[in-house]
Amino acid sequence: YSDIFSLPARHSLTVTAQKVVLRRYWQIEPSARPLRSDAAEEFAHLFAQSVRNRMRGSQSIGAMLSGGLDSSSIACVAGLQNAAQRKPKLPTFSLIFEKGSPMDERAFIDAVLDQQKTDPTLIPVGNYAPFAEFERVLEEQEGTFLAPGLTLTRGIYRTAGAKGIKVLLDGHGGDEVVSQGHGHLHELANGGRWLDLWREVRSASNTYGDSTLGLYFQFLTLYGPAWRITKARQLANRILNRIRKPTQMRRGRGWRDLINPDLARRTELVQRFHRAGYMPPGIQASDALSHRWILSNGYVPHSFEVLDKAAANFGVEPRYPFWDKPLVEFCLALPGEEKLSHGFGRYVLRRAMEGILPAAVQWRRDKIDFTANLVNGMVRNHRDLLEQLLVSDAGRIAPYVNLPQVSAAYARLLSQPDQAAPLDVQYVWRSASLSLWLRQVQYAGSPA
């Protein structure tokens, strides 16, 4: 379909004999209503209302339950609403990884189930194979997509659909809507509130496993007094070089290095990225502006489109309580300290769930990283396929990717799978999925 393009989110297109007009008809704005004295109480009201609204119109409603803060909040609030209306227990669907796995969240899932008495379905994830059924997934999506974990999510849709669930409540978007509050750190630094920044960075580093000094000096070099910047940067580099893993020290490598340089040049990819996909420093320094930027960028509609296509294949409609318009506008208007406090992101949500969530889930600091699971699945179950796609048939993707960079990333992944850098994992997964899609397109266009 040459020269056919998707309409950007929040835009309308008017075509007349004289001209074509692309117009943005709506954009996200902070709520104009004055904040109540207790932001958590107001959040709890709006959140419960959003969950209730998304439980209308169907008798067969379930909820995803990962054990994380977002899905657990939805499951608990929805479960309480069912109980208040004397309805059957809320069906919940959870992926269960083997005990001892870095992805094992069974303890948090059980804590929610013990408190809310839902109707749980536990879906064991055994020998994970990320490229299983991948041709089918590409057909569903009608192209490539940015979701390495989609095959796992499809397992939830498949199970829910088989049990007759028509609507599935999904915690997708909690990070973006409520916000982890990273912009608040920039705000503190930009305002010269160095002691407050130190307190938050010290707590945040415990949450994300980063070095307190390393994080602090990064902000100091960005926003600190001019005469200290050079000395601070030198000290920060020395500290960071000591604490970083070797795989994190390949300076200068990023998303641009995955693209074939000639393709990037011909399509002006870097310039386009800086116009549409790059958060400018002026926005980064403001929590409110950076929050709105995150909510408005292209990943949001892309995610909804990918999830909707995958769920529809199993007759399931996903609904997202975090994306209720009044709730989004309320969160956008919150001050930074309601988003990040004492190192806890989504702080207002945590406070709002007092007495509703188990404390172990409400105040958990960690967030599961599925990178290790993806690496193990690719190396253990798809080694021959990767060799074919990235080595034997590498010419298929050569016009699009920077093949030497991909080959180097693949070699590092094989040599040290337990210490794989996230960027290497993305290089390999994206290149392999691109090759599979190109192969599918090529076969589809071949004469019978």
# chains A, B, ... in the order shown; residues from 1 in each chain; ligands from 1
call {"tool": "residues_around", "arguments": {"residues": "Arg412 in chain A", "least_positions_apart": "3", "cutoff": "12 Å", "atoms": "only C-alpha atoms", "output": "PyMOL selection string"}}
result
chain A and resi 246-247+375+379+405-409+415-425+427-428
call {"tool": "residues_around", "arguments": {"residues": "Asp393 in chain A", "least_positions_apart": "5", "cutoff": "10 Å", "atoms": "only C-alpha atoms", "output": "PDB file with N, CA, C and O atoms, in the first residue's frame"}}
result
ATOM      1  N   LEU A 386      18.212 -18.166  15.234  1.00  0.00           N
ATOM      2  CA  LEU A 386      19.010 -16.938  15.271  1.00  0.00           C
ATOM      3  C   LEU A 386      20.218 -17.037  14.349  1.00  0.00           C
ATOM      4  O   LEU A 386      20.582 -16.059  13.674  1.00  0.00           O
ATOM      5  N   GLU A 387      20.851 -18.203  14.326  1.00  0.00           N
ATOM      6  CA  GLU A 387      21.997 -18.396  13.432  1.00  0.00           C
ATOM      7  C   GLU A 387      21.578 -18.200  11.983  1.00  0.00           C
ATOM      8  O   GLU A 387      22.296 -17.592  11.182  1.00  0.00           O
ATOM      9  N   GLN A 388      20.403 -18.719  11.647  1.00  0.00           N
ATOM     10  CA  GLN A 388      19.920 -18.571  10.281  1.00  0.00           C
ATOM     11  C   GLN A 388      19.595 -17.111   9.963  1.00  0.00           C
ATOM     12  O   GLN A 388      20.007 -16.574   8.936  1.00  0.00           O
ATOM     13  N   ALA A 398      20.355  -6.668   5.989  1.00  0.00           N
ATOM     14  CA  ALA A 398      21.499  -5.760   5.814  1.00  0.00           C
ATOM     15  C   ALA A 398      21.117  -4.369   5.304  1.00  0.00           C
ATOM     16  O   ALA A 398      21.721  -3.379   5.723  1.00  0.00           O
ATOM     17  N   SER A 435      13.732  -9.736  10.431  1.00  0.00           N
ATOM     18  CA  SER A 435      14.049 -10.739   9.411  1.00  0.00           C
ATOM     19  C   SER A 435      12.873 -11.683   9.197  1.00  0.00           C
ATOM     20  O   SER A 435      12.545 -12.030   8.051  1.00  0.00           O
ATOM     21  N   ARG A 439      10.906 -12.033   5.697  1.00  0.00           N
ATOM     22  CA  ARG A 439      10.774 -13.352   5.076  1.00  0.00           C
ATOM     23  C   ARG A 439       9.316 -13.656   4.786  1.00  0.00           C
ATOM     24  O   ARG A 439       8.975 -14.193   3.722  1.00  0.00           O
TER      25      ARG A 439
END
call {"tool": "closest_atom_pairs", "arguments": {"of": "range 266-367 of chain A", "to": "range 103-111 of chain A", "cutoff": "10 Å", "atoms": "only C-alpha atoms", "output": "CSV"}}
result
residue,atom,partner,partner_atom,distance
A:Leu357,CA,A:Ala111,CA,8.8
A:Pro358,CA,A:Ala111,CA,6.3
A:Ala359,CA,A:Ala111,CA,9.0
A:Ala360,CA,A:Phe108,CA,7.0
A:Val361,CA,A:Phe108,CA,6.1
A:Gln362,CA,A:Phe108,CA,9.9
A:Arg364,CA,A:Phe108,CA,9.2
A:Lys367,CA,A:Met103,CA,9.5
call {"tool": "write_last_selection", "arguments": {"atoms": "all heavy atoms", "output": "PDB file, in the first residue's frame"}}
result
ATOM      1  N   LEU A 357      -4.470  -2.659  49.178  1.00  0.00           N
ATOM      2  CA  LEU A 357      -3.405  -3.555  48.736  1.00  0.00           C
ATOM      3  C   LEU A 357      -2.677  -4.165  49.934  1.00  0.00           C
ATOM      4  O   LEU A 357      -2.532  -3.504  50.970  1.00  0.00           O
ATOM      5  CB  LEU A 357      -2.370  -2.781  47.906  1.00  0.00           C
ATOM      6  CG  LEU A 357      -2.602  -2.556  46.415  1.00  0.00           C
ATOM      7  CD1 LEU A 357      -1.440  -1.775  45.834  1.00  0.00           C
ATOM      8  CD2 LEU A 357      -2.769  -3.874  45.686  1.00  0.00           C
ATOM      9  N   PRO A 358      -2.183  -5.383  49.808  1.00  0.00           N
ATOM     10  CA  PRO A 358      -1.259  -5.893  50.829  1.00  0.00           C
ATOM     11  C   PRO A 358      -0.025  -4.994  50.885  1.00  0.00           C
ATOM     12  O   PRO A 358       0.457  -4.530  49.850  1.00  0.00           O
ATOM     13  CB  PRO A 358      -0.896  -7.297  50.324  1.00  0.00           C
ATOM     14  CG  PRO A 358      -1.931  -7.640  49.314  1.00  0.00           C
ATOM     15  CD  PRO A 358      -2.413  -6.357  48.731  1.00  0.00           C
ATOM     16  N   ALA A 359       0.482  -4.752  52.071  1.00  0.00           N
ATOM     17  CA  ALA A 359       1.622  -3.841  52.232  1.00  0.00           C
ATOM     18  C   ALA A 359       2.828  -4.301  51.413  1.00  0.00           C
ATOM     19  O   ALA A 359       3.593  -3.473  50.898  1.00  0.00           O
ATOM     20  CB  ALA A 359       1.988  -3.725  53.711  1.00  0.00           C
ATOM     21  N   ALA A 360       2.989  -5.615  51.288  1.00  0.00           N
ATOM     22  CA  ALA A 360       4.146  -6.140  50.545  1.00  0.00           C
ATOM     23  C   ALA A 360       4.110  -5.710  49.089  1.00  0.00           C
ATOM     24  O   ALA A 360       5.157  -5.531  48.452  1.00  0.00           O
ATOM     25  CB  ALA A 360       4.186  -7.664  50.635  1.00  0.00           C
ATOM     26  N   VAL A 361       2.915  -5.550  48.533  1.00  0.00           N
ATOM     27  CA  VAL A 361       2.765  -5.094  47.148  1.00  0.00           C
ATOM     28  C   VAL A 361       2.741  -3.572  47.097  1.00  0.00           C
ATOM     29  O   VAL A 361       3.366  -2.950  46.234  1.00  0.00           O
ATOM     30  CB  VAL A 361       1.475  -5.669  46.525  1.00  0.00           C
ATOM     31  CG1 VAL A 361       1.264  -5.130  45.111  1.00  0.00           C
ATOM     32  CG2 VAL A 361       1.525  -7.186  46.509  1.00  0.00           C
ATOM     33  N   GLN A 362       2.040  -2.963  48.044  1.00  0.00           N
ATOM     34  CA  GLN A 362       1.883  -1.511  48.067  1.00  0.00           C
ATOM     35  C   GLN A 362       3.232  -0.791  48.123  1.00  0.00           C
ATOM     36  O   GLN A 362       3.425   0.235  47.458  1.00  0.00           O
ATOM     37  CB  GLN A 362       1.042  -1.114  49.281  1.00  0.00           C
ATOM     38  CG  GLN A 362       0.803   0.383  49.440  1.00  0.00           C
ATOM     39  CD  GLN A 362       0.108   0.697  50.758  1.00  0.00           C
ATOM     40  OE1 GLN A 362      -0.106  -0.191  51.597  1.00  0.00           O
ATOM     41  NE2 GLN A 362      -0.246   1.945  50.956  1.00  0.00           N
ATOM     42  N   ARG A 364       6.358  -2.301  47.591  1.00  0.00           N
ATOM     43  CA  ARG A 364       7.486  -3.021  46.984  1.00  0.00           C
ATOM     44  C   ARG A 364       8.290  -2.060  46.122  1.00  0.00           C
ATOM     45  O   ARG A 364       7.742  -1.210  45.425  1.00  0.00           O
ATOM     46  CB  ARG A 364       7.019  -4.225  46.178  1.00  0.00           C
ATOM     47  CG  ARG A 364       6.194  -3.929  44.942  1.00  0.00           C
ATOM     48  CD  ARG A 364       5.832  -5.184  44.169  1.00  0.00           C
ATOM     49  NE  ARG A 364       6.998  -5.821  43.573  1.00  0.00           N
ATOM     50  CZ  ARG A 364       6.932  -6.788  42.664  1.00  0.00           C
ATOM     51  NH1 ARG A 364       5.748  -7.228  42.265  1.00  0.00           N
ATOM     52  NH2 ARG A 364       8.033  -7.307  42.159  1.00  0.00           N
ATOM     53  N   LYS A 367      10.892  -3.953  40.459  1.00  0.00           N
ATOM     54  CA  LYS A 367      10.019  -4.132  39.294  1.00  0.00           C
ATOM     55  C   LYS A 367      10.669  -5.194  38.431  1.00  0.00           C
ATOM     56  O   LYS A 367      11.856  -5.105  38.105  1.00  0.00           O
ATOM     57  CB  LYS A 367       9.895  -2.811  38.531  1.00  0.00           C
ATOM     58  CG  LYS A 367       8.779  -2.787  37.505  1.00  0.00           C
ATOM     59  CD  LYS A 367       8.636  -1.398  36.933  1.00  0.00           C
ATOM     60  CE  LYS A 367       7.553  -1.322  35.880  1.00  0.00           C
ATOM     61  NZ  LYS A 367       6.210  -1.504  36.433  1.00  0.00           N
TER      62      LYS A 367
END
call {"tool": "select_by_dssp", "arguments": {"residues": "range 84-277 of chain A", "states": "strand (DSSP E or B)", "output": "VMD selection string"}}
result
chain A and resid 91 to 96 119 to 124 167 to 169 259
call {"tool": "write_last_selection", "arguments": {"atoms": "C-alpha atoms", "output": "mmCIF file, in the first residue's frame"}}
result
data_model
loop_
_atom_site.group_PDB
_atom_site.id
_atom_site.type_symbol
_atom_site.label_atom_id
_atom_site.label_comp_id
_atom_site.auth_asym_id
_atom_site.auth_seq_id
_atom_site.Cartn_x
_atom_site.Cartn_y
_atom_site.Cartn_z
ATOM 1 C CA PRO A 91 -11.619 -13.875 37.750
ATOM 2 C CA THR A 92 -7.912 -13.022 37.665
ATOM 3 C CA PHE A 93 -5.186 -14.305 35.335
ATOM 4 C CA SER A 94 -1.538 -14.536 36.341
ATOM 5 C CA LEU A 95 1.625 -15.816 34.672
ATOM 6 C CA ILE A 96 3.586 -18.053 37.035
ATOM 7 C CA ASP A 119 -11.218 -16.493 41.345
ATOM 8 C CA PRO A 120 -7.614 -17.021 40.191
ATOM 9 C CA THR A 121 -6.266 -18.738 37.112
ATOM 10 C CA LEU A 122 -2.517 -19.362 37.292
ATOM 11 C CA ILE A 123 -0.816 -19.817 33.932
ATOM 12 C CA PRO A 124 2.557 -21.586 34.225
ATOM 13 C CA VAL A 167 -13.413 -7.949 29.003
ATOM 14 C CA LEU A 168 -10.009 -8.013 30.663
ATOM 15 C CA LEU A 169 -8.871 -5.188 32.958
ATOM 16 C CA ILE A 259 20.120 1.372 11.841
#
call {"tool": "closest_residue", "arguments": {"among": "A:Leu138, A:Ala84, A:Leu327, A:Ile397", "to": "Leu46 in chain A", "atoms": "only C-alpha atoms"}}
result
A:Leu327
call {"tool": "residues_around", "arguments": {"residues": "Ala147 in chain A", "least_positions_apart": "6", "cutoff": "10 Å", "atoms": "only C-alpha atoms", "output": "list in words"}}
result
Thr153, His302, Ser303, Val306, Leu307, Trp429 and Arg430 of chain A
call {"tool": "residues_around", "arguments": {"residues": "range 182-186 of chain A", "least_positions_apart": "3", "cutoff": "6 Å", "atoms": "only C-alpha atoms", "output": "PyMOL selection string"}}
result
chain A and resi 189-190+285+287+336
call {"tool": "closest_residue", "arguments": {"among": "A:Ile156, A:Cys331, A:Leu7, A:Leu390", "to": "Gly174 in chain A", "atoms": "only C-alpha atoms"}}
result
A:Cys331
call {"tool": "residues_around", "arguments": {"residues": "Ile356 in chain A", "least_positions_apart": "3", "cutoff": "9 Å", "atoms": "only C-alpha atoms", "output": "VMD selection string"}}
result
chain A and resid 73 76 to 77 80 115 to 116 352 to 353 359 362
call {"tool": "residues_around", "arguments": {"residues": "Ser203 in chain A", "least_positions_apart": "4", "cutoff": "10 Å", "atoms": "only C-alpha atoms", "output": "mmCIF file with all heavy atoms, in the first residue's frame"}}
result
data_model
loop_
_atom_site.group_PDB
_atom_site.id
_atom_site.type_symbol
_atom_site.label_atom_id
_atom_site.label_comp_id
_atom_site.auth_asym_id
_atom_site.auth_seq_id
_atom_site.Cartn_x
_atom_site.Cartn_y
_atom_site.Cartn_z
ATOM 1 N N LEU A 197 17.454 16.739 46.695
ATOM 2 C CA LEU A 197 17.819 15.825 45.612
ATOM 3 C C LEU A 197 18.621 14.651 46.148
ATOM 4 O O LEU A 197 18.389 13.500 45.764
ATOM 5 C CB LEU A 197 18.619 16.568 44.539
ATOM 6 C CG LEU A 197 19.142 15.686 43.386
ATOM 7 C CD1 LEU A 197 17.981 15.161 42.554
ATOM 8 C CD2 LEU A 197 20.120 16.454 42.509
ATOM 9 N N TRP A 198 19.568 14.930 47.040
ATOM 10 C CA TRP A 198 20.390 13.863 47.606
ATOM 11 C C TRP A 198 19.516 12.834 48.326
ATOM 12 O O TRP A 198 19.703 11.623 48.170
ATOM 13 C CB TRP A 198 21.432 14.443 48.557
ATOM 14 C CG TRP A 198 22.181 13.382 49.309
ATOM 15 C CD1 TRP A 198 22.034 13.023 50.619
ATOM 16 C CD2 TRP A 198 23.192 12.514 48.782
ATOM 17 N NE1 TRP A 198 22.871 11.995 50.941
ATOM 18 C CE2 TRP A 198 23.603 11.666 49.831
ATOM 19 C CE3 TRP A 198 23.786 12.372 47.525
ATOM 20 C CZ2 TRP A 198 24.573 10.694 49.670
ATOM 21 C CZ3 TRP A 198 24.759 11.401 47.363
ATOM 22 C CH2 TRP A 198 25.147 10.578 48.427
ATOM 23 N N ARG A 199 18.531 13.324 49.100
ATOM 24 C CA ARG A 199 17.650 12.402 49.828
ATOM 25 C C ARG A 199 16.864 11.519 48.858
ATOM 26 O O ARG A 199 16.738 10.302 49.070
ATOM 27 C CB ARG A 199 16.686 13.194 50.708
ATOM 28 C CG ARG A 199 17.355 13.949 51.865
ATOM 29 C CD ARG A 199 16.298 14.456 52.831
ATOM 30 N NE ARG A 199 16.878 15.280 53.867
ATOM 31 C CZ ARG A 199 16.758 16.608 53.930
ATOM 32 N NH1 ARG A 199 16.059 17.249 52.992
ATOM 33 N NH2 ARG A 199 17.303 17.292 54.910
ATOM 34 N N THR A 207 15.958 1.726 44.950
ATOM 35 C CA THR A 207 14.878 1.140 44.164
ATOM 36 C C THR A 207 15.387 0.569 42.853
ATOM 37 O O THR A 207 15.017 -0.533 42.443
ATOM 38 C CB THR A 207 13.794 2.199 43.875
ATOM 39 O OG1 THR A 207 13.296 2.701 45.117
ATOM 40 C CG2 THR A 207 12.646 1.605 43.079
ATOM 41 N N TYR A 208 16.241 1.325 42.155
ATOM 42 C CA TYR A 208 16.618 0.943 40.796
ATOM 43 C C TYR A 208 18.001 0.302 40.694
ATOM 44 O O TYR A 208 18.458 -0.009 39.613
ATOM 45 C CB TYR A 208 16.551 2.177 39.885
ATOM 46 C CG TYR A 208 15.153 2.742 39.835
ATOM 47 C CD1 TYR A 208 14.834 3.914 40.509
ATOM 48 C CD2 TYR A 208 14.143 2.081 39.163
ATOM 49 C CE1 TYR A 208 13.538 4.418 40.498
ATOM 50 C CE2 TYR A 208 12.848 2.565 39.137
ATOM 51 C CZ TYR A 208 12.557 3.735 39.811
ATOM 52 O OH TYR A 208 11.285 4.220 39.801
ATOM 53 N N THR A 212 24.239 5.685 44.186
ATOM 54 C CA THR A 212 23.754 6.973 44.674
ATOM 55 C C THR A 212 24.649 8.104 44.189
ATOM 56 O O THR A 212 24.183 9.114 43.653
ATOM 57 C CB THR A 212 23.696 6.967 46.209
ATOM 58 O OG1 THR A 212 22.828 5.914 46.641
ATOM 59 C CG2 THR A 212 23.172 8.288 46.736
ATOM 60 N N SER A 341 8.476 10.143 46.006
ATOM 61 C CA SER A 341 8.791 10.565 47.368
ATOM 62 C C SER A 341 9.440 9.410 48.111
ATOM 63 O O SER A 341 8.971 8.271 48.021
ATOM 64 C CB SER A 341 7.518 11.016 48.103
ATOM 65 O OG SER A 341 7.829 11.510 49.392
ATOM 66 N N HIS A 342 10.541 9.697 48.813
ATOM 67 C CA HIS A 342 11.285 8.674 49.543
ATOM 68 C C HIS A 342 11.722 7.524 48.628
ATOM 69 O O HIS A 342 11.821 6.374 49.061
ATOM 70 C CB HIS A 342 10.459 8.120 50.709
ATOM 71 C CG HIS A 342 9.984 9.165 51.673
ATOM 72 N ND1 HIS A 342 8.764 9.803 51.534
ATOM 73 C CD2 HIS A 342 10.564 9.696 52.767
ATOM 74 C CE1 HIS A 342 8.609 10.673 52.511
ATOM 75 N NE2 HIS A 342 9.704 10.643 53.282
ATOM 76 N N GLY A 343 11.935 7.858 47.370
ATOM 77 C CA GLY A 343 12.375 6.847 46.408
ATOM 78 C C GLY A 343 11.266 6.006 45.835
ATOM 79 O O GLY A 343 11.531 5.117 45.017
ATOM 80 N N PHE A 344 10.017 6.256 46.213
ATOM 81 C CA PHE A 344 8.893 5.482 45.706
ATOM 82 C C PHE A 344 8.221 6.234 44.567
ATOM 83 O O PHE A 344 7.632 7.304 44.780
ATOM 84 C CB PHE A 344 7.863 5.219 46.811
ATOM 85 C CG PHE A 344 8.311 4.248 47.862
ATOM 86 C CD1 PHE A 344 8.734 4.691 49.101
ATOM 87 C CD2 PHE A 344 8.321 2.879 47.602
ATOM 88 C CE1 PHE A 344 9.150 3.787 50.069
ATOM 89 C CE2 PHE A 344 8.734 1.974 48.562
ATOM 90 C CZ PHE A 344 9.157 2.429 49.808
ATOM 91 N N ARG A 365 9.583 -2.194 46.174
ATOM 92 C CA ARG A 365 10.471 -1.291 45.435
ATOM 93 C C ARG A 365 10.871 -1.850 44.075
ATOM 94 O O ARG A 365 11.123 -1.094 43.143
ATOM 95 C CB ARG A 365 11.744 -1.020 46.243
ATOM 96 C CG ARG A 365 11.535 -0.118 47.447
ATOM 97 C CD ARG A 365 12.881 0.218 48.086
ATOM 98 N NE ARG A 365 12.739 1.156 49.183
ATOM 99 C CZ ARG A 365 12.729 2.483 49.046
ATOM 100 N NH1 ARG A 365 12.828 3.006 47.847
ATOM 101 N NH2 ARG A 365 12.611 3.269 50.090
#
call {"tool": "residues_around", "arguments": {"residues": "Gly149 in chain A", "least_positions_apart": "2", "cutoff": "9 Å", "atoms": "only C-alpha atoms", "output": "PyMOL selection string"}}
result
chain A and resi 130+147+151-154+370+374
call {"tool": "write_last_selection", "arguments": {"atoms": "all heavy atoms", "output": "compact mmCIF listing (two decimals), in the first residue's frame"}}
result
# COMPACT_ATOMS: atom_id res chain seq x y z
N PRO A 130 10.28 -17.28 22.86
CA PRO A 130 9.72 -15.99 22.40
C PRO A 130 9.34 -15.95 20.93
O PRO A 130 8.51 -15.13 20.54
CB PRO A 130 10.84 -14.99 22.72
CG PRO A 130 12.08 -15.80 22.88
CD PRO A 130 11.65 -17.12 23.39
N ALA A 147 7.40 -5.05 21.12
CA ALA A 147 6.88 -5.70 22.33
C ALA A 147 7.44 -7.10 22.44
O ALA A 147 6.77 -8.07 22.08
CB ALA A 147 5.35 -5.73 22.30
N THR A 151 4.31 -12.37 23.23
CA THR A 151 3.90 -13.78 23.19
C THR A 151 3.44 -14.25 24.58
O THR A 151 2.55 -15.11 24.68
CB THR A 151 5.05 -14.67 22.69
OG1 THR A 151 6.25 -14.36 23.43
CG2 THR A 151 5.32 -14.44 21.22
N LEU A 152 4.01 -13.70 25.65
CA LEU A 152 3.55 -14.02 27.00
C LEU A 152 2.16 -13.45 27.24
O LEU A 152 1.28 -14.12 27.79
CB LEU A 152 4.53 -13.47 28.04
CG LEU A 152 5.87 -14.18 28.18
CD1 LEU A 152 6.78 -13.41 29.13
CD2 LEU A 152 5.69 -15.61 28.67
N THR A 153 1.96 -12.19 26.84
CA THR A 153 0.66 -11.55 27.02
C THR A 153 -0.42 -12.29 26.25
O THR A 153 -1.56 -12.43 26.72
CB THR A 153 0.72 -10.08 26.57
OG1 THR A 153 1.82 -9.44 27.21
CG2 THR A 153 -0.55 -9.34 26.92
N ARG A 154 -0.09 -12.79 25.06
CA ARG A 154 -1.06 -13.55 24.27
C ARG A 154 -1.50 -14.81 25.02
O ARG A 154 -2.64 -15.26 24.87
CB ARG A 154 -0.46 -13.95 22.92
CG ARG A 154 -0.32 -12.79 21.95
CD ARG A 154 0.34 -13.26 20.66
NE ARG A 154 -0.59 -13.88 19.73
CZ ARG A 154 -0.63 -15.17 19.46
NH1 ARG A 154 0.20 -16.01 20.07
NH2 ARG A 154 -1.48 -15.66 18.58
N PHE A 370 12.10 -8.49 32.51
CA PHE A 370 11.93 -9.73 31.76
C PHE A 370 13.09 -9.99 30.79
O PHE A 370 13.03 -10.91 30.00
CB PHE A 370 10.61 -9.71 30.99
CG PHE A 370 9.41 -9.85 31.88
CD1 PHE A 370 8.76 -8.73 32.37
CD2 PHE A 370 8.94 -11.10 32.24
CE1 PHE A 370 7.66 -8.86 33.20
CE2 PHE A 370 7.85 -11.24 33.07
CZ PHE A 370 7.20 -10.12 33.56
N LEU A 374 13.84 -13.31 28.38
CA LEU A 374 13.90 -13.20 26.93
C LEU A 374 15.20 -13.77 26.39
O LEU A 374 15.22 -14.52 25.40
CB LEU A 374 13.75 -11.73 26.52
CG LEU A 374 13.83 -11.41 25.03
CD1 LEU A 374 12.73 -12.11 24.26
CD2 LEU A 374 13.74 -9.90 24.81
call {"tool": "closest_residue", "arguments": {"among": "A:Gly57, A:Gly79, A:Gly191, A:Pro280", "to": "Trp293 in chain A", "atoms": "only C-alpha atoms"}}
result
A:Pro280
call {"tool": "closest_residue", "arguments": {"among": "A:Leu289, A:Ala63, A:Leu188, A:Ala432", "to": "Glu200 in chain A", "atoms": "only C-alpha atoms"}}
result
A:Leu188
call {"tool": "atom_distance", "arguments": {"atom1": "CA of Arg23 in chain A", "atom2": "CA of His11 in chain A"}}
result
5.4 Å
call {"tool": "closest_residue", "arguments": {"among": "A:Glu305, A:Glu41, A:Glu98, A:Glu176", "to": "Val328 in chain A", "atoms": "only C-alpha atoms"}}
result
A:Glu176
call {"tool": "closest_residue", "arguments": {"among": "A:Asp196, A:Glu140, A:Asp384, A:Glu29", "to": "Glu337 in chain A", "atoms": "only C-alpha atoms"}}
result
A:Asp196
call {"tool": "select_by_dssp", "arguments": {"residues": "range 144-378 of chain A", "states": "helix (DSSP H, G or I)", "output": "ChimeraX atom specification"}}
result
/A:150-162,174-179,182-190,194-208,212-223,226-243,246-248,255-258,261-266,269-276,281-284,287-296,299-312,321-323,325-333,336-338,347-352,359-362,371-378
call {"tool": "decode", "arguments": {"residues": "range 147-162 of chain A", "atoms": "N, CA and C atoms", "output": "PDB file, in the first residue's frame"}}
result
ATOM      1  N   ALA A 147       7.403  -5.048  21.120  1.00  0.00           N
ATOM      2  CA  ALA A 147       6.876  -5.696  22.328  1.00  0.00           C
ATOM      3  C   ALA A 147       7.444  -7.099  22.439  1.00  0.00           C
ATOM      4  N   PRO A 148       8.674  -7.249  22.942  1.00  0.00           N
ATOM      5  CA  PRO A 148       9.269  -8.586  23.044  1.00  0.00           C
ATOM      6  C   PRO A 148       8.467  -9.547  23.906  1.00  0.00           C
ATOM      7  N   GLY A 149       7.691  -9.022  24.851  1.00  0.00           N
ATOM      8  CA  GLY A 149       6.923  -9.898  25.730  1.00  0.00           C
ATOM      9  C   GLY A 149       5.519 -10.198  25.248  1.00  0.00           C
ATOM     10  N   LEU A 150       5.204  -9.848  24.009  1.00  0.00           N
ATOM     11  CA  LEU A 150       3.837 -10.004  23.522  1.00  0.00           C
ATOM     12  C   LEU A 150       3.392 -11.459  23.506  1.00  0.00           C
ATOM     13  N   THR A 151       4.305 -12.371  23.228  1.00  0.00           N
ATOM     14  CA  THR A 151       3.901 -13.783  23.194  1.00  0.00           C
ATOM     15  C   THR A 151       3.442 -14.253  24.576  1.00  0.00           C
ATOM     16  N   LEU A 152       4.012 -13.696  25.647  1.00  0.00           N
ATOM     17  CA  LEU A 152       3.552 -14.025  26.998  1.00  0.00           C
ATOM     18  C   LEU A 152       2.163 -13.447  27.241  1.00  0.00           C
ATOM     19  N   THR A 153       1.962 -12.191  26.836  1.00  0.00           N
ATOM     20  CA  THR A 153       0.656 -11.552  27.025  1.00  0.00           C
ATOM     21  C   THR A 153      -0.422 -12.292  26.249  1.00  0.00           C
ATOM     22  N   ARG A 154      -0.095 -12.791  25.057  1.00  0.00           N
ATOM     23  CA  ARG A 154      -1.059 -13.554  24.271  1.00  0.00           C
ATOM     24  C   ARG A 154      -1.501 -14.807  25.020  1.00  0.00           C
ATOM     25  N   GLY A 155      -0.607 -15.365  25.835  1.00  0.00           N
ATOM     26  CA  GLY A 155      -0.982 -16.532  26.629  1.00  0.00           C
ATOM     27  C   GLY A 155      -2.090 -16.206  27.622  1.00  0.00           C
ATOM     28  N   ILE A 156      -2.064 -14.989  28.161  1.00  0.00           N
ATOM     29  CA  ILE A 156      -3.135 -14.561  29.071  1.00  0.00           C
ATOM     30  C   ILE A 156      -4.423 -14.365  28.290  1.00  0.00           C
ATOM     31  N   TYR A 157      -4.345 -13.687  27.145  1.00  0.00           N
ATOM     32  CA  TYR A 157      -5.546 -13.494  26.321  1.00  0.00           C
ATOM     33  C   TYR A 157      -6.143 -14.833  25.908  1.00  0.00           C
ATOM     34  N   ARG A 158      -5.284 -15.763  25.517  1.00  0.00           N
ATOM     35  CA  ARG A 158      -5.760 -17.069  25.064  1.00  0.00           C
ATOM     36  C   ARG A 158      -6.514 -17.790  26.191  1.00  0.00           C
ATOM     37  N   THR A 159      -5.919 -17.792  27.379  1.00  0.00           N
ATOM     38  CA  THR A 159      -6.538 -18.482  28.516  1.00  0.00           C
ATOM     39  C   THR A 159      -7.841 -17.808  28.930  1.00  0.00           C
ATOM     40  N   ALA A 160      -7.831 -16.475  28.975  1.00  0.00           N
ATOM     41  CA  ALA A 160      -9.040 -15.736  29.364  1.00  0.00           C
ATOM     42  C   ALA A 160     -10.157 -15.963  28.354  1.00  0.00           C
ATOM     43  N   GLY A 161      -9.815 -15.913  27.064  1.00  0.00           N
ATOM     44  CA  GLY A 161     -10.821 -16.139  26.035  1.00  0.00           C
ATOM     45  C   GLY A 161     -11.417 -17.528  26.115  1.00  0.00           C
ATOM     46  N   ALA A 162     -10.568 -18.520  26.389  1.00  0.00           N
ATOM     47  CA  ALA A 162     -11.049 -19.896  26.495  1.00  0.00           C
ATOM     48  C   ALA A 162     -11.987 -20.078  27.680  1.00  0.00           C
TER      49      ALA A 162
END
